[in-house]
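**Student:** I have a structure here, written as C-alpha cells, and I will follow up with some questions on it.
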Amino acid sequence: MVKKKLSEDELMSQASFVFQGTVTQLKATTVVEIPVTGQTAIVQVSQIIHAPAALSRYFGKEITVLLSGNRRVKVGDRLTFFATEWIFGKGVAVRSLGEVRTQDAPKALASVSTNPVQALAQRKLQNRVDDADLVISGKVSAVRLPAGAVSGTARGPLAPSEHDPHWREAVVEVQDVHKGESKKKSVVVRFPASQDRMWYRAPKFRTGQEGHFILKKAGPPPSPRGAAKPKGAKAVMAPAQAETYTALDPQDFQSITQPDGLKRLLSIPG
Amino acid sequence: MAKRRSRARAKKHGRRKFRARTGFGATKPVTVAALAQQPVRVVNIIPESLSGESNQDSEPSLAVNPANPLQMAASAFTPALSGNAPIFVSVDGGNSWLLNAIVPSDRMTADITVSFVGKSTTLYAGIIPQPIIDNTPGLNILRTDNFLGPTKMKILVDRRGSGVDQPYIAATTIDTGQTSKDLVAVGANDFNDPNGQTAVFDLSNNASAANPSFKTIRVDKRRPPPGGADAPSIRPAIHSDGTIYGAFLALVGGTNLSNLRRDVVVVRDDNFGTGQNPFTALRDPGDNTPGRRVAQSRLVPFLPMGNFDPPPIGQERIGSHIAIALDPRAGQSSVVYLAWADRVGTTDYTIHLRSSRDRGVTWSTNDLLSITNAVNPALAINSDGIVGFLYQQLTGPFSPGIVTAANRWVTHFRRSSDGVNWNDLVLATTPAGEPTGQGLPYLGDYLHVLAVEKDFYGIFSANNTPDMANFPNGVTFQRKHDFGQKKLFDVDGVTPVDISIDPFFFTVSG
C-alpha cells in the first residue's frame, strides 16, 4: 500500500510531537523490545516545537523514530519530524508522519512558543475553535434538566448504564460573539453532569459562571421515558426557540478570570 | 549443565519452556520456568517514561498468551497523549511493560478488555470506542497479529444500535486436529432490545478469518419489568470441548436504582455457541426457561443515584459485579464457579461465591465464601483444578459514602483445591481515601485473573504510593519512585509526582 504523502498543513494538524533532530543510527532502536526494521532509526532531539508533557523532556536525548518512508534518510541528516506517539517504555518510540529538512521546515514553526507543551495546547485550542459552530463570551444564568429528561437516555428508569451522560442544560446569556452567529440573547449549552469516566472531564456548568465558550451545535435531544427527578437540578421546560449547543471538551470553557488560552487566541481584552 | 537443570525444573513443574524470543527485538534471558521460582510477583505496570503521569488508571484487564506466557497485554482507563488509545504490553512475563498506542479509539476507550487465543500471537479486544457518536456508546471488536507493532488493531465489529456497555471478552482456539479456528465471545449489555433483555454475546467461531462474521446472541430469555434491563456485567467462559457458560444479573423488580432486584443467571451452550438456539442448554427447574437462576431477587442497588451523591463504598460505585470460571481440564467442563455481589443487609455490598459440579444444573446452596463490603470478583481455574479468586475489600469502619483514614482497599487472591479450604494472599492494602477520585469508576467496574497451565496471572488497580507496607508480598515499580521516601518522581528523578491509581500486574505460581 502506498502511503499518502501529507501536506505541511496536514502534518502540522495531525502531529502531536513536532521536533528537530539529527539521525544518529539507521535500522536501530533505543527500545529493546521493539523490532529493528528498515524504518526504525535513532534520532537525537535538538529542539522540541510541539509536545505533550511526557515527550517534552527528551530535549538532547536519543529516541526511536519509526520513519514515514516518504524520503531517503541517512545518518547525520538534520530533520524536522512530525510525529505521534507509539511506544512508552524505559525509552520512547514515536511514529513519524513525515519529515522535512530542517532548513525547509514551515515558517510557522519559527514563531511558536518556547514552551512546547503550551504550544501544543494552544494548537489544539485553535483546532477546537476552527471546528466550533459558535464561540461566545457569556454568563450562565440557569442550569436545568432538558425538557422531560431524566438521565438523557431513551432507556427506561430501571435500565441504567454506567455511561449515562445525565444531561443538563446551562442557559448562557451571550455577552459577545467571537465566531458564528447567534441572534438570541441567550443560548442553551447541553452538558453531561455524569461523573463517569466517559464524561468526567467535560465542563460542568453552574449558575453564575462567566467565561468563554467553544460550542458545537447539539444533535437531537434525548427522548427519555420519565422517572423521579435527580437531586441538584430544576426540571424546567426549555424554550422551544432556544439554540442548543454542546461543550464536551475540557478546553471548551475558559473562566473569565483565566489568562491566556482562548483570551489570547481570540484577542479578548482583560 | 545449567540449561539441563532448567529444562528438568520446567519438566518437574509441568511447565513448557518459553524464551523471551518473541520475534520482537532482542532476546532476553527470561524463561517461564525461571519466573516460576518467584511464587508471587506484583508489578506496577506504568512505564518509566510515563513517570510524570497521575491519571486514574482504573478498570484493568489482562491477557496472557497461552502459547507463550511471556507475552502479555493489559488495558485500563489509560489515556494516550494523542491519537490512538493505548494498551500495555510485555514480552518478558510481566517483569517490564510498555505502552503501545494501537487501539483505534480517540486517546482512550470508554471500556476495554483484551484476550489472546491459544496458538498464535493474535490479540483480540472488545472496546467502547471514543468519541461517542450521537451520545450512544458503540461496540468494537478488534484484532492484531502484532501487539507490539505500530499498526492499529483491525476493527472486526463496529456497531452501536441503542448503545452497549461493558464489553468483556473471552477467546480460545478450537483445534479440530486438521484446522484451528479462533472462538471469540464478547459479553455486553446491548440496549438495542425493546423488552430490556439486554444481555448479549457477540460471538464468532472463526475470528481469525480475514473478515470474520460475528453474530449477536441474546441470552436472557425472561422479560424484565417495564423500563428495566439486565445489569452491565455479562461474562463468558469458554472450554475447549465446546462448552460456553455465560453469567449475568437479570432485573426482576425495584422502583428506582437504589432498590433494584435481580436474579443471578447462568446460561450454557454445549457446541461452541452454534446451532439454532444457542445458550439454551441449561434450563431452570422453576420455570423451565433457559438460564439457571442460581439466586433470585437479590438486592443489587446501582449507586450513586445522583451526580452529587458520594460513591457508596470507598469512593467506588456499585451495581454490577459478576464473574464465572470453568475447569479447563479435559472432561472437567462440568465444574464451574460463580461469584457476584449484592446487598445482604441495608448498607453492605457482599460478594458471594458458589460452585456447580454438574454443568450448572445444581449449585452449592450456601456461599463457599461471603466477602462483606467488597467489589470486583474475578475467577480462574488452573490446570490442576485449583480455583483462584480475586477481589477487593474495603476494611475499617463502614458508613456508606464516607471514607476515613481508617478505610483501606485490600486486594486478596485466594486459592482452593476443593472450594472449602482457602488460602489468602494479600496483594495490596492501600488507603481508600487517597488519592481523591477523578471520576468513576475509582478502582474499576472489573479487574481480571486467568490461569495458564498451573500459574495464575491477574491485574488490579490501586493507590500507587510506593510503600512496601502496602504490598505485603512485595512489589516492583518501573516508574521513578523512592520506597524510602514513599514518593513518586517524574522521569528526571527529582520532580515529585502526585499519587494516583495505577494498574498492578501479579502472578502466583501454581
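Ordered as shown in the C-alpha cells, chains take letters A, B, and onward, while each chain numbers its residues from 1 and ligands are numbered from 1 in the order shown.
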Using only C-alpha atoms, find the residues of chain B whose closest atom to chain A is at most 6 Å away, then write them as a JSON list (two decimals) with N, CA and C atoms, in the first residue's frame.
**Tutor:**
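The resulting file, part-v8.json, is shown below:
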[["chain", "number", "residue", "atom", "x", "y", "z"],
["B", 24, "PHE", "N", 10.10, -10.06, 18.49],
["B", 24, "PHE", "CA", 10.12, -8.62, 18.72],
["B", 24, "PHE", "C", 11.42, -8.27, 19.42],
["B", 25, "GLY", "N", 12.32, -7.65, 18.75],
["B", 25, "GLY", "CA", 13.50, -7.12, 19.39],
["B", 25, "GLY", "C", 14.44, -8.17, 19.96],
["B", 26, "ALA", "N", 15.16, -7.78, 21.00],
["B", 26, "ALA", "CA", 16.25, -8.59, 21.50],
["B", 26, "ALA", "C", 15.77, -9.77, 22.34],
["B", 47, "PRO", "N", 5.04, 2.50, 32.68],
["B", 47, "PRO", "CA", 6.44, 2.51, 32.24],
["B", 47, "PRO", "C", 7.22, 3.71, 32.79],
["B", 48, "GLU", "N", 8.52, 3.53, 32.82],
["B", 48, "GLU", "CA", 9.39, 4.58, 33.37],
["B", 48, "GLU", "C", 9.22, 5.91, 32.62],
["B", 49, "SER", "N", 9.05, 5.85, 31.31],
["B", 49, "SER", "CA", 8.98, 7.10, 30.55],
["B", 49, "SER", "C", 7.67, 7.86, 30.79],
["B", 98, "LEU", "N", 5.42, -2.01, 28.41],
["B", 98, "LEU", "CA", 5.44, -0.85, 27.52],
["B", 98, "LEU", "C", 4.01, -0.41, 27.30],
["B", 99, "LEU", "N", 3.84, 0.82, 26.86],
["B", 99, "LEU", "CA", 2.52, 1.30, 26.45],
["B", 99, "LEU", "C", 2.56, 1.48, 24.94],
["B", 100, "ASN", "N", 1.65, 0.81, 24.24],
["B", 100, "ASN", "CA", 1.64, 0.83, 22.78],
["B", 100, "ASN", "C", 0.30, 1.37, 22.29],
["B", 101, "ALA", "N", 0.33, 2.49, 21.58],
["B", 101, "ALA", "CA", -0.90, 3.18, 21.17],
["B", 101, "ALA", "C", -1.40, 2.62, 19.84],
["B", 110, "ALA", "N", -13.82, 3.93, 26.30],
["B", 110, "ALA", "CA", -14.74, 4.06, 27.42],
["B", 110, "ALA", "C", -14.69, 2.80, 28.27],
["B", 227, "GLY", "N", -39.45, -0.89, 31.59],
["B", 227, "GLY", "CA", -38.44, 0.13, 31.87],
["B", 227, "GLY", "C", -37.15, -0.43, 32.43],
["B", 228, "GLY", "N", -37.04, -1.76, 32.48],
["B", 228, "GLY", "CA", -35.85, -2.37, 33.08],
["B", 228, "GLY", "C", -34.94, -3.00, 32.05],
["B", 229, "ALA", "N", -33.81, -3.50, 32.54],
["B", 229, "ALA", "CA", -32.83, -4.16, 31.67],
["B", 229, "ALA", "C", -31.88, -4.96, 32.55],
["B", 306, "GLY", "N", -27.44, 9.85, 42.14],
["B", 306, "GLY", "CA", -27.34, 11.21, 41.62],
["B", 306, "GLY", "C", -25.90, 11.64, 41.46],
["B", 307, "ASN", "N", -25.68, 12.65, 40.62],
["B", 307, "ASN", "CA", -24.33, 13.09, 40.33],
["B", 307, "ASN", "C", -23.69, 13.81, 41.51],
["B", 439, "GLY", "N", -13.40, 11.01, 38.88],
["B", 439, "GLY", "CA", -14.49, 10.38, 38.16],
["B", 439, "GLY", "C", -14.64, 8.92, 38.58],
["B", 440, "LEU", "N", -15.64, 8.27, 37.96],
["B", 440, "LEU", "CA", -15.95, 6.88, 38.29],
["B", 440, "LEU", "C", -15.79, 5.99, 37.06]]
**Student:** Could you name the residues that touch A:Ser137 at 12 Å or less, counting only C-alpha atoms, but leaving out those on the same chain fewer than 2 positions away, as JSON, numbers by chain?
**Tutor:** {"A": [134, 135, 139, 140, 172, 173, 174, 175, 176, 177, 178, 179, 182, 185, 186, 187, 209, 210, 211, 212, 213, 214, 215, 252, 253, 254, 255, 256, 262, 263, 266, 268, 269]}
**Student:** Which of stretch 30-265 of chain A counts as strand (DSSP E) under DSSP, as an NGL selection string please?
**Tutor:** :A and (40-50 or 62-66 or 78-88 or 92-101 or 134-145 or 167-179 or 186-192 or 210-217 or 234-235 or 243-246 or 253-255)
**Student:** Do you know which residues are at most 9 Å from stretch 481-498 of chain B counting only C-alpha atoms, after dropping those on the same chain fewer than 6 positions away, and could you put them as a list in words?
**Tutor:**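 Final neighbour list, sorted by chain and number: Ala54 and Arg57 of chain A; Glu48, Ser49, Leu50, Ser51, Gly52, Glu53, Ser54, Pro435, Asn464, Thr465, Pro466, Asp467 and Met468 of chain B.
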**Student:** Mind dumping the selected residues with C-alpha atoms as a short mmCIF file (atom, residue, chain, number, x, y, z; two decimals), in the first residue's frame?
**Tutor:**
data_model
loop_
_atom_site.label_atom_id
_atom_site.label_comp_id
_atom_site.auth_asym_id
_atom_site.auth_seq_id
_atom_site.Cartn_x
_atom_site.Cartn_y
_atom_site.Cartn_z
CA ALA A 54 5.59 13.30 28.65
CA ARG A 57 11.50 16.06 28.43
CA GLU B 48 9.39 4.58 33.37
CA SER B 49 8.98 7.10 30.55
CA LEU B 50 5.49 7.94 31.85
CA SER B 51 6.69 8.56 35.41
CA GLY B 52 5.13 12.02 35.35
CA GLU B 53 1.55 10.78 34.91
CA SER B 54 -1.07 10.93 37.66
CA PRO B 435 -5.98 9.79 46.10
CA ASN B 464 0.25 3.72 43.74
CA THR B 465 2.10 5.05 46.79
CA PRO B 466 5.49 3.29 46.73
CA ASP B 467 5.19 1.98 50.26
CA MET B 468 6.30 -1.60 50.77
#
**Student:** Rounded to one decimal, what separation in Å do you get between atom CA of B:Ser162 and atom CA of B:Asp190?
**Tutor:** 7.3 Å
**Student:** Check stretch 7-232 of chain B with DSSP on the backbone and list each residue it calls helix (DSSP H, G or I), as a PyMOL selection string.
**Tutor:** chain B and resi 7-12+32-35+48-50
**Student:** Please save N, CA and C atoms of the selected residues as a PDB file, in the first residue's frame.
**Tutor:**
ATOM      1  N   ARG B   7      15.752 -27.154  32.158  1.00  0.00           N
ATOM      2  CA  ARG B   7      14.759 -27.981  31.465  1.00  0.00           C
ATOM      3  C   ARG B   7      14.108 -28.967  32.438  1.00  0.00           C
ATOM      4  N   ALA B   8      14.975 -29.557  33.285  1.00  0.00           N
ATOM      5  CA  ALA B   8      14.460 -30.547  34.231  1.00  0.00           C
ATOM      6  C   ALA B   8      13.474 -29.899  35.192  1.00  0.00           C
ATOM      7  N   ARG B   9      13.820 -28.667  35.622  1.00  0.00           N
ATOM      8  CA  ARG B   9      12.938 -27.960  36.540  1.00  0.00           C
ATOM      9  C   ARG B   9      11.595 -27.645  35.874  1.00  0.00           C
ATOM     10  N   ALA B  10      11.698 -27.205  34.617  1.00  0.00           N
ATOM     11  CA  ALA B  10      10.468 -26.894  33.880  1.00  0.00           C
ATOM     12  C   ALA B  10       9.606 -28.138  33.750  1.00  0.00           C
ATOM     13  N   LYS B  11      10.273 -29.273  33.484  1.00  0.00           N
ATOM     14  CA  LYS B  11       9.541 -30.515  33.321  1.00  0.00           C
ATOM     15  C   LYS B  11       8.882 -30.908  34.648  1.00  0.00           C
ATOM     16  N   LYS B  12       9.689 -30.775  35.729  1.00  0.00           N
ATOM     17  CA  LYS B  12       9.181 -31.135  37.049  1.00  0.00           C
ATOM     18  C   LYS B  12       7.936 -30.322  37.394  1.00  0.00           C
ATOM     19  N   VAL B  32       9.826 -18.930  31.461  1.00  0.00           N
ATOM     20  CA  VAL B  32       8.692 -19.126  32.358  1.00  0.00           C
ATOM     21  C   VAL B  32       9.129 -19.918  33.588  1.00  0.00           C
ATOM     22  N   ALA B  33       9.997 -20.906  33.365  1.00  0.00           N
ATOM     23  CA  ALA B  33      10.460 -21.717  34.487  1.00  0.00           C
ATOM     24  C   ALA B  33      11.201 -20.853  35.505  1.00  0.00           C
ATOM     25  N   ALA B  34      12.010 -19.913  34.998  1.00  0.00           N
ATOM     26  CA  ALA B  34      12.743 -19.040  35.911  1.00  0.00           C
ATOM     27  C   ALA B  34      11.778 -18.145  36.683  1.00  0.00           C
ATOM     28  N   LEU B  35      10.777 -17.619  35.983  1.00  0.00           N
ATOM     29  CA  LEU B  35       9.812 -16.754  36.653  1.00  0.00           C
ATOM     30  C   LEU B  35       9.038 -17.517  37.727  1.00  0.00           C
ATOM     31  N   GLU B  48       8.519   3.535  32.822  1.00  0.00           N
ATOM     32  CA  GLU B  48       9.391   4.583  33.367  1.00  0.00           C
ATOM     33  C   GLU B  48       9.216   5.910  32.623  1.00  0.00           C
ATOM     34  N   SER B  49       9.054   5.850  31.310  1.00  0.00           N
ATOM     35  CA  SER B  49       8.975   7.099  30.547  1.00  0.00           C
ATOM     36  C   SER B  49       7.672   7.857  30.792  1.00  0.00           C
ATOM     37  N   LEU B  50       6.723   7.236  31.491  1.00  0.00           N
ATOM     38  CA  LEU B  50       5.489   7.939  31.851  1.00  0.00           C
ATOM     39  C   LEU B  50       5.447   8.236  33.350  1.00  0.00           C
TER      40      LEU B  50
END
**Student:** Using only C-alpha atoms, find the one residue out of B:Asn366, B:Ile501, B:Ile351, B:Val508 that sits nearest to B:Asp424.
**Tutor:** B:Val508
**Student:** Determine, counting only C-alpha atoms, which protein, DNA and RNA residues have an atom within 8 Å of an atom of B:Asp327; residues of the same chain fewer than 4 positions away are not included. Present the result as a list of chain:residue names.
**Tutor:** B:His239, B:Gln332, B:Ser333, B:Ser334, B:Val335, B:Val336, B:Ile381, B:Asn382, B:Ser383, B:Gly385
**Student:** Okay, now the selection with N, CA and C atoms, as a compact mmCIF listing (two decimals), in the first residue's frame?
**Tutor:**
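Produced file part.txt, reproduced below:
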# COMPACT_ATOMS: atom_id res chain seq x y z
N HIS B 239 -14.77 -23.39 27.29
CA HIS B 239 -13.96 -24.61 27.42
C HIS B 239 -13.63 -25.13 26.02
N GLN B 332 -13.61 -31.89 32.26
CA GLN B 332 -13.96 -31.24 33.53
C GLN B 332 -14.82 -29.99 33.36
N SER B 333 -15.39 -29.80 32.20
CA SER B 333 -16.16 -28.57 31.99
C SER B 333 -17.44 -28.52 32.81
N SER B 334 -17.73 -29.61 33.51
CA SER B 334 -18.91 -29.60 34.39
C SER B 334 -18.67 -28.79 35.65
N VAL B 335 -17.41 -28.52 35.95
CA VAL B 335 -17.08 -27.78 37.18
C VAL B 335 -17.03 -26.29 36.88
N VAL B 336 -17.84 -25.53 37.57
CA VAL B 336 -17.92 -24.09 37.29
C VAL B 336 -18.11 -23.33 38.61
N ILE B 381 -9.56 -21.01 36.99
CA ILE B 381 -9.20 -22.35 37.47
C ILE B 381 -7.99 -22.81 36.67
N ASN B 382 -6.99 -23.38 37.36
CA ASN B 382 -5.76 -23.74 36.65
C ASN B 382 -5.77 -25.21 36.22
N SER B 383 -4.66 -25.65 35.67
CA SER B 383 -4.60 -27.00 35.07
C SER B 383 -4.56 -28.10 36.13
N GLY B 385 -6.89 -27.89 38.52
CA GLY B 385 -8.24 -27.78 39.07
C GLY B 385 -8.32 -26.87 40.28
**Student:** For a test of reading the model, state the distance in Å between atom CA of B:Asn259 and atom CA of B:Tyr349, rounded to one decimal.
**Tutor:**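 Atom-to-atom, atom CA of B:Asn259 to atom CA of B:Tyr349, that is 12.8 Å.
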**Student:** Just to confirm, what's the straight-line distance from atom CA of B:Arg343 to atom CA of B:Tyr391 in Å (one decimal)?
**Tutor:**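 Calculated distance between atom CA of B:Arg343 and atom CA of B:Tyr391 is 16.2 Å.
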**Student:** Could you check which of A:Glu99, A:Glu62, A:Asp77, A:Asp104 is closest to A:Val43, using only C-alpha atoms?
**Tutor:** A:Glu62
